[in-house]
Amino acid sequence: MVFDLNKKKSDVRVAVLMGGMSGEREVSIETGKAISSALADLGYSVTDVDVGFDLPLVLERIKPDAAFIALHGRGGEDGTVQGMLEIMRIPYTGCGVLASAMTIDKIVTKQLIDYCGIPVIDGLNAKSGDDISLIKRSVDKELSYPVIVKPACEGSSLGVTRVEEEQGLGDALEAVFNIDNRAVIEKFIDGRQLTVGVLGDIPIVLPVLEIKTSKLFYDYQAKYETGFTEYEVPADIEEGVARKAQEISLDSFHVLNCEGVARIDLMLEKETGDLFVLEVNTIPGMTASSLLPKAAAAEGISFPELVELILRGAKTKTHLTG
Ligand SMILES: Nc1ncnc2c1ncn2[C@@H]1O[C@H](COP(=O)(O)OP(=O)(O)O)[C@@H](O)[C@H]1O
Ligand SMILES: [Mg+2]
């Protein structure tokens with residue numbers, strides 16, 4: 001089922017799904033509100049939905065023409081809500097069940113894109129209950145400090161720690177295991193951080209945006225408080241490097257079966273000039289100050305145009321019969 005492009009906007013009922021139960025609830029509400037007010041200004045008939053366990057009942061009542069998913073993290077960006085919308089036959093924005101489920105998981109994402117020849121950062125995986133002394137030994141053997149320790153399935157840099165030496169590894173893993181049961185331990189890449197948005201079915205690859213933070217890495221504070229980070233788009237990098245970053249991002253989008261929208265985070269290593277994919281976000285932040293809208297603006301796409309473009313791609317993606 002697709003979104004009906006011919007209907008009058010005021011007759012199109014859009015449910016904007018926001019909030020939810022993940023650690024990124026607050027950020028999701030901001031994203032959702034920005035989307036919902038843009039859609040209302042455009043003339044759509046919009047209902048804000050704070051997602052809880054009663055979501056199917058709420059949607060049954062609203063009977064929306066499309067659901068705009070503004071949820072971040074688990075229980076929204078991970079294929080669960082997408083699966084529910086497939087069963088309810090409600091067209092929805094962005095990636096389908098498989099792409100969402102794969103990209104929420106940094107371990108699966110890395111394994112798949114690495115298999116397809118896309119460069120990823122050297123690292124190890126650990127799970128809750130693993131013997132910490134064995135993990136330390138593996139890190140000693142295969143990586144060198146500093147390392148980044150992060151949860152497999154989180155966002156907004158929640159639970160991410162830069163570990164300077166072996167001593168700090170235990171605490172960093174504990175911080176991860178408080179919110180997830182698997183951890184990624186990666187070589188810390190000293191370099192520039194880039195992000196690339198990919199939009200639509202064609203798809204459109206947006207200009208590369210550089211994130212310049214005064215913090216050790218782009219942590220929660222650097223992401224959401226003012227004064228710690230500056231953004232440059234298009235990034236002041238060589239044309240060949242920008243093209244390569246866009247190519248790698250588009251390849252990742254396709255390999256992971258993404259649809260509608262995704263934002264790919266990359267690192268450009270200072271010493272070698274090598275590019276690596278950090279992760280793929282299928283529901284990027286969409287407040288007026290978020291990264292994807294900034295990159296879209298550099299391409300001449302305004303915030304309302306961006307929101308409408310994503311909405312108009314809404315569809316169910318699984319061929320269910322009966
Ligand atoms: N291997 C790494 N080397 C350097 N910085 C990293 C590495 N992994 C993560 N980071 C930093 O941590 C931030 C969050 O990591 P990321 O993998 O993008 O997860 P999240 O889903 O929380 O955004 C990144 O934006 C980057 O600044
Ligand atoms: Mg990220």
# chains A, B, ... in the order shown; residues from 1 in each chain; ligands from 1
>>> residues_around(residues="Ser100 (chain A)", least_positions_apart="4", cutoff="10 Å", atoms="only C-alpha atoms", output="JSON, numbers by chain")
{"A": [73, 74, 76, 77, 78, 79, 80, 81, 82, 83, 94, 95, 96, 104, 105, 256, 257, 258, 259, 280, 281, 282, 283]}
>>> select_by_dssp(residues="region 150-268 of chain A", states="strand (DSSP E)", output="JSON, numbers by chain")
{"A": [150, 151, 161, 162, 163, 182, 183, 184, 185, 186, 187, 191, 192, 193, 194, 195, 196, 197, 198, 199, 204, 205, 209, 210, 211, 212, 213, 229, 230, 231, 232, 261, 262, 263, 264, 265, 266, 267, 268]}
>>> residues_around(residues="Leu194 (chain A)", least_positions_apart="3", cutoff="10 Å", atoms="only C-alpha atoms", output="short mmCIF file (atom, residue, chain, number, x, y, z; two decimals) with C-alpha atoms, in the first residue's frame")
data_model
loop_
_atom_site.label_atom_id
_atom_site.label_comp_id
_atom_site.auth_asym_id
_atom_site.auth_seq_id
_atom_site.Cartn_x
_atom_site.Cartn_y
_atom_site.Cartn_z
CA GLY A 191 40.04 12.27 12.73
CA VAL A 208 28.68 15.83 3.20
CA LEU A 209 28.33 17.58 6.56
CA GLU A 210 31.26 17.86 8.98
CA ILE A 211 30.69 17.81 12.73
CA LYS A 212 33.32 19.78 14.64
CA TYR A 231 28.71 22.14 11.70
CA GLU A 232 29.96 22.77 8.21
CA VAL A 233 28.07 21.82 5.08
CA ALA A 235 32.32 19.98 4.50
CA ALA A 242 33.53 14.01 -0.40
CA ALA A 245 32.05 9.51 1.47
CA ILE A 264 25.23 7.55 7.55
CA ASP A 265 27.88 8.56 10.12
CA LEU A 266 31.51 8.29 8.99
CA MET A 267 35.02 8.94 10.31
CA LEU A 268 37.82 10.36 8.17
CA LEU A 275 37.09 6.74 5.51
CA PHE A 276 35.10 4.37 7.72
CA VAL A 277 31.37 3.93 8.31
CA LEU A 278 30.49 4.35 11.99
#
>>> closest_atom_pairs(of="chain A", to="ligand 2", cutoff="7 Å", atoms="only C-alpha atoms and all ligand atoms", output="CSV")
residue,atom,partner,partner_atom_place_in_ligand_line,distance
A:Gly155,CA,ligand 2,1 (Mg),6.4
A:Ser156,CA,ligand 2,1 (Mg),6.5
A:Ser157,CA,ligand 2,1 (Mg),6.6
A:Asp265,CA,ligand 2,1 (Mg),5.7
A:Glu279,CA,ligand 2,1 (Mg),6.1
>>> write_last_selection(atoms="all heavy atoms", output="compact mmCIF listing (two decimals), in the first residue's frame")
# COMPACT_ATOMS: atom_id res chain seq x y z
N GLY A 155 21.43 4.91 20.66
CA GLY A 155 21.69 6.07 19.83
C GLY A 155 21.98 7.25 20.71
O GLY A 155 22.10 7.12 21.94
N SER A 156 22.16 8.43 20.09
CA SER A 156 22.42 9.67 20.82
C SER A 156 23.67 9.61 21.68
O SER A 156 23.80 10.34 22.67
CB SER A 156 21.22 10.06 21.70
OG SER A 156 20.17 10.56 20.91
N SER A 157 24.57 8.71 21.38
CA SER A 157 25.82 8.50 22.13
C SER A 157 25.58 8.03 23.56
O SER A 157 26.47 8.10 24.40
CB SER A 157 26.69 9.77 22.15
OG SER A 157 27.02 10.15 20.84
N ASP A 265 26.80 7.91 9.40
CA ASP A 265 27.88 8.56 10.12
C ASP A 265 29.21 7.94 9.71
O ASP A 265 29.32 6.70 9.65
CB ASP A 265 27.71 8.39 11.64
CG ASP A 265 26.55 9.19 12.20
OD1 ASP A 265 26.05 10.09 11.50
OD2 ASP A 265 26.14 8.92 13.35
N GLU A 279 28.12 4.13 11.59
CA GLU A 279 26.80 3.53 11.78
C GLU A 279 25.82 4.13 10.78
O GLU A 279 26.10 5.15 10.15
CB GLU A 279 26.29 3.78 13.20
CG GLU A 279 26.16 5.25 13.52
CD GLU A 279 25.00 5.57 14.46
OE1 GLU A 279 24.20 4.68 14.77
OE2 GLU A 279 24.89 6.74 14.83
>>> residues_around(residues="region 133-146 of chain A", least_positions_apart="4", cutoff="12 Å", atoms="only C-alpha atoms", output="list in words")
Ile121, Asp122, Gly123, Leu124, Asn125, Ala126, Lys127, Ser128, Gly129, Thr161, Arg162, Val163, Glu164, Glu165, Glu166, Gln167, Gly168, Leu169, Gly170, Leu173, Ala183, Val184, Ile185, Glu186, Lys187, Phe188, Ile189, Asp190 and Leu216 of chain A
>>> write_last_selection(atoms="N, CA and C atoms", output="compact mmCIF listing (two decimals), in the first residue's frame")
# COMPACT_ATOMS: atom_id res chain seq x y z
N ILE A 121 35.40 0.09 11.13
CA ILE A 121 36.50 0.28 12.08
C ILE A 121 36.81 -1.04 12.80
N ASP A 122 38.11 -1.34 12.95
CA ASP A 122 38.52 -2.55 13.64
C ASP A 122 37.94 -2.57 15.05
N GLY A 123 37.46 -3.70 15.45
CA GLY A 123 36.89 -3.77 16.79
C GLY A 123 36.57 -5.18 17.22
N LEU A 124 36.01 -5.26 18.42
CA LEU A 124 35.62 -6.54 19.01
C LEU A 124 34.21 -6.38 19.57
N ASN A 125 33.53 -7.50 19.77
CA ASN A 125 32.22 -7.43 20.39
C ASN A 125 32.27 -8.17 21.72
N ALA A 126 31.48 -7.73 22.67
CA ALA A 126 31.43 -8.43 23.97
C ALA A 126 29.98 -8.50 24.40
N LYS A 127 29.67 -9.51 25.23
CA LYS A 127 28.29 -9.54 25.73
C LYS A 127 28.29 -9.65 27.25
N SER A 128 27.18 -9.21 27.80
CA SER A 128 27.02 -9.20 29.25
C SER A 128 27.29 -10.62 29.78
N GLY A 129 28.09 -10.71 30.82
CA GLY A 129 28.40 -12.02 31.39
C GLY A 129 29.73 -12.57 30.90
N THR A 161 31.65 5.46 25.68
CA THR A 161 32.79 5.97 26.47
C THR A 161 34.07 5.83 25.67
N ARG A 162 34.93 6.85 25.77
CA ARG A 162 36.28 6.70 25.23
C ARG A 162 37.14 6.20 26.38
N VAL A 163 37.78 5.07 26.19
CA VAL A 163 38.58 4.45 27.27
C VAL A 163 40.06 4.66 26.95
N GLU A 164 40.76 5.30 27.90
CA GLU A 164 42.16 5.67 27.67
C GLU A 164 43.12 4.52 27.91
N GLU A 165 42.79 3.68 28.89
CA GLU A 165 43.69 2.57 29.21
C GLU A 165 42.90 1.41 29.82
N GLU A 166 43.55 0.26 29.90
CA GLU A 166 42.88 -0.97 30.30
C GLU A 166 42.01 -0.82 31.55
N GLN A 167 42.53 -0.06 32.51
CA GLN A 167 41.83 0.14 33.79
C GLN A 167 40.37 0.61 33.63
N GLY A 168 40.13 1.42 32.59
CA GLY A 168 38.79 2.01 32.42
C GLY A 168 37.81 1.10 31.69
N LEU A 169 38.29 -0.03 31.19
CA LEU A 169 37.44 -0.87 30.34
C LEU A 169 36.24 -1.45 31.08
N GLY A 170 36.47 -1.89 32.32
CA GLY A 170 35.41 -2.50 33.12
C GLY A 170 34.24 -1.55 33.33
N LEU A 173 32.30 -0.94 30.09
CA LEU A 173 31.44 -2.07 29.73
C LEU A 173 30.21 -2.12 30.64
N ALA A 183 28.09 -5.20 23.61
CA ALA A 183 28.91 -4.00 23.46
C ALA A 183 29.83 -4.12 22.26
N VAL A 184 30.12 -2.96 21.66
CA VAL A 184 31.11 -2.88 20.59
C VAL A 184 32.33 -2.16 21.17
N ILE A 185 33.50 -2.75 20.99
CA ILE A 185 34.74 -2.09 21.42
C ILE A 185 35.53 -1.82 20.15
N GLU A 186 35.82 -0.54 19.89
CA GLU A 186 36.47 -0.18 18.61
C GLU A 186 37.72 0.64 18.83
N LYS A 187 38.64 0.50 17.91
CA LYS A 187 39.77 1.42 17.83
C LYS A 187 39.22 2.84 17.79
N PHE A 188 39.77 3.76 18.59
CA PHE A 188 39.34 5.16 18.52
C PHE A 188 39.98 5.78 17.29
N ILE A 189 39.15 6.28 16.39
CA ILE A 189 39.68 6.93 15.18
C ILE A 189 39.91 8.41 15.46
N ASP A 190 41.16 8.80 15.36
CA ASP A 190 41.50 10.21 15.52
C ASP A 190 41.32 10.86 14.15
N LEU A 216 35.79 15.39 23.43
CA LEU A 216 36.66 14.29 22.98
C LEU A 216 36.04 13.52 21.82
>>> select_by_dssp(residues="region 51-245 of chain A", states="helix (DSSP H, G or I)", output="PyMOL selection string")
chain A and resi 55-62+80-88+97-103+106-115+132-142+166-177+220-224+239-245
>>> closest_residue(among="A:Gly75, A:Pro304, A:Pro91, A:Gly159", to="ligand 1", atoms="only C-alpha atoms and all ligand atoms")
A:Gly159
>>> residues_around(residues="region 225-229 of chain A", least_positions_apart="3", cutoff="8 Å", atoms="only C-alpha atoms", output="list in words")
Ile211, Lys212, Thr213, Ser214, Lys215, Gln221 and Ala222 of chain A
>>> write_last_selection(atoms="C-alpha atoms", output="compact mmCIF listing (two decimals), in the first residue's frame")
# COMPACT_ATOMS: atom_id res chain seq x y z
CA ILE A 211 30.69 17.81 12.73
CA LYS A 212 33.32 19.78 14.64
CA THR A 213 33.10 19.29 18.37
CA SER A 214 35.30 20.63 21.15
CA LYS A 215 34.57 17.47 23.17
CA GLN A 221 26.14 16.99 25.44
CA ALA A 222 27.89 17.86 22.17
>>> closest_residue(among="A:Pro234, A:Gly23, A:Gly200, A:Pro56", to="ligand 1", atoms="only C-alpha atoms and all ligand atoms")
A:Gly23
>>> closest_residue(among="A:Val12, A:Leu42, A:Thr287, A:Ile248", to="Glu30 (chain A)", atoms="only C-alpha atoms")
A:Thr287
>>> closest_residue(among="A:Ile179, A:Ala314, A:Ile62, A:Ala152", to="ligand 1", atoms="only C-alpha atoms and all ligand atoms")
A:Ala152
>>> closest_residue(among="A:Ile35, A:Val176, A:Val241, A:Ala40", to="ligand 1", atoms="only C-alpha atoms and all ligand atoms")
A:Val176
>>> residues_around(residues="Tyr115 (chain A)", least_positions_apart="5", cutoff="12 Å", atoms="only C-alpha atoms", output="number ranges by chain")
A: 108-110, 120, 252, 255-256
>>> write_last_selection(atoms="C-alpha atoms", output="mmCIF file, in the first residue's frame")
data_model
loop_
_atom_site.group_PDB
_atom_site.id
_atom_site.type_symbol
_atom_site.label_atom_id
_atom_site.label_comp_id
_atom_site.auth_asym_id
_atom_site.auth_seq_id
_atom_site.Cartn_x
_atom_site.Cartn_y
_atom_site.Cartn_z
ATOM 1 C CA VAL A 108 25.025 -6.712 12.449
ATOM 2 C CA THR A 109 25.453 -3.499 10.424
ATOM 3 C CA LYS A 110 29.235 -3.735 10.584
ATOM 4 C CA VAL A 120 34.424 -0.416 8.971
ATOM 5 C CA SER A 252 25.611 1.237 2.772
ATOM 6 C CA VAL A 255 23.373 -3.039 1.111
ATOM 7 C CA LEU A 256 21.226 -2.609 4.224
#
>>> atom_distance(atom1="atom 10 (N, counted along the ligand's line) of ligand 1", atom2="CA of Leu112 (chain A)")
19.2 Å
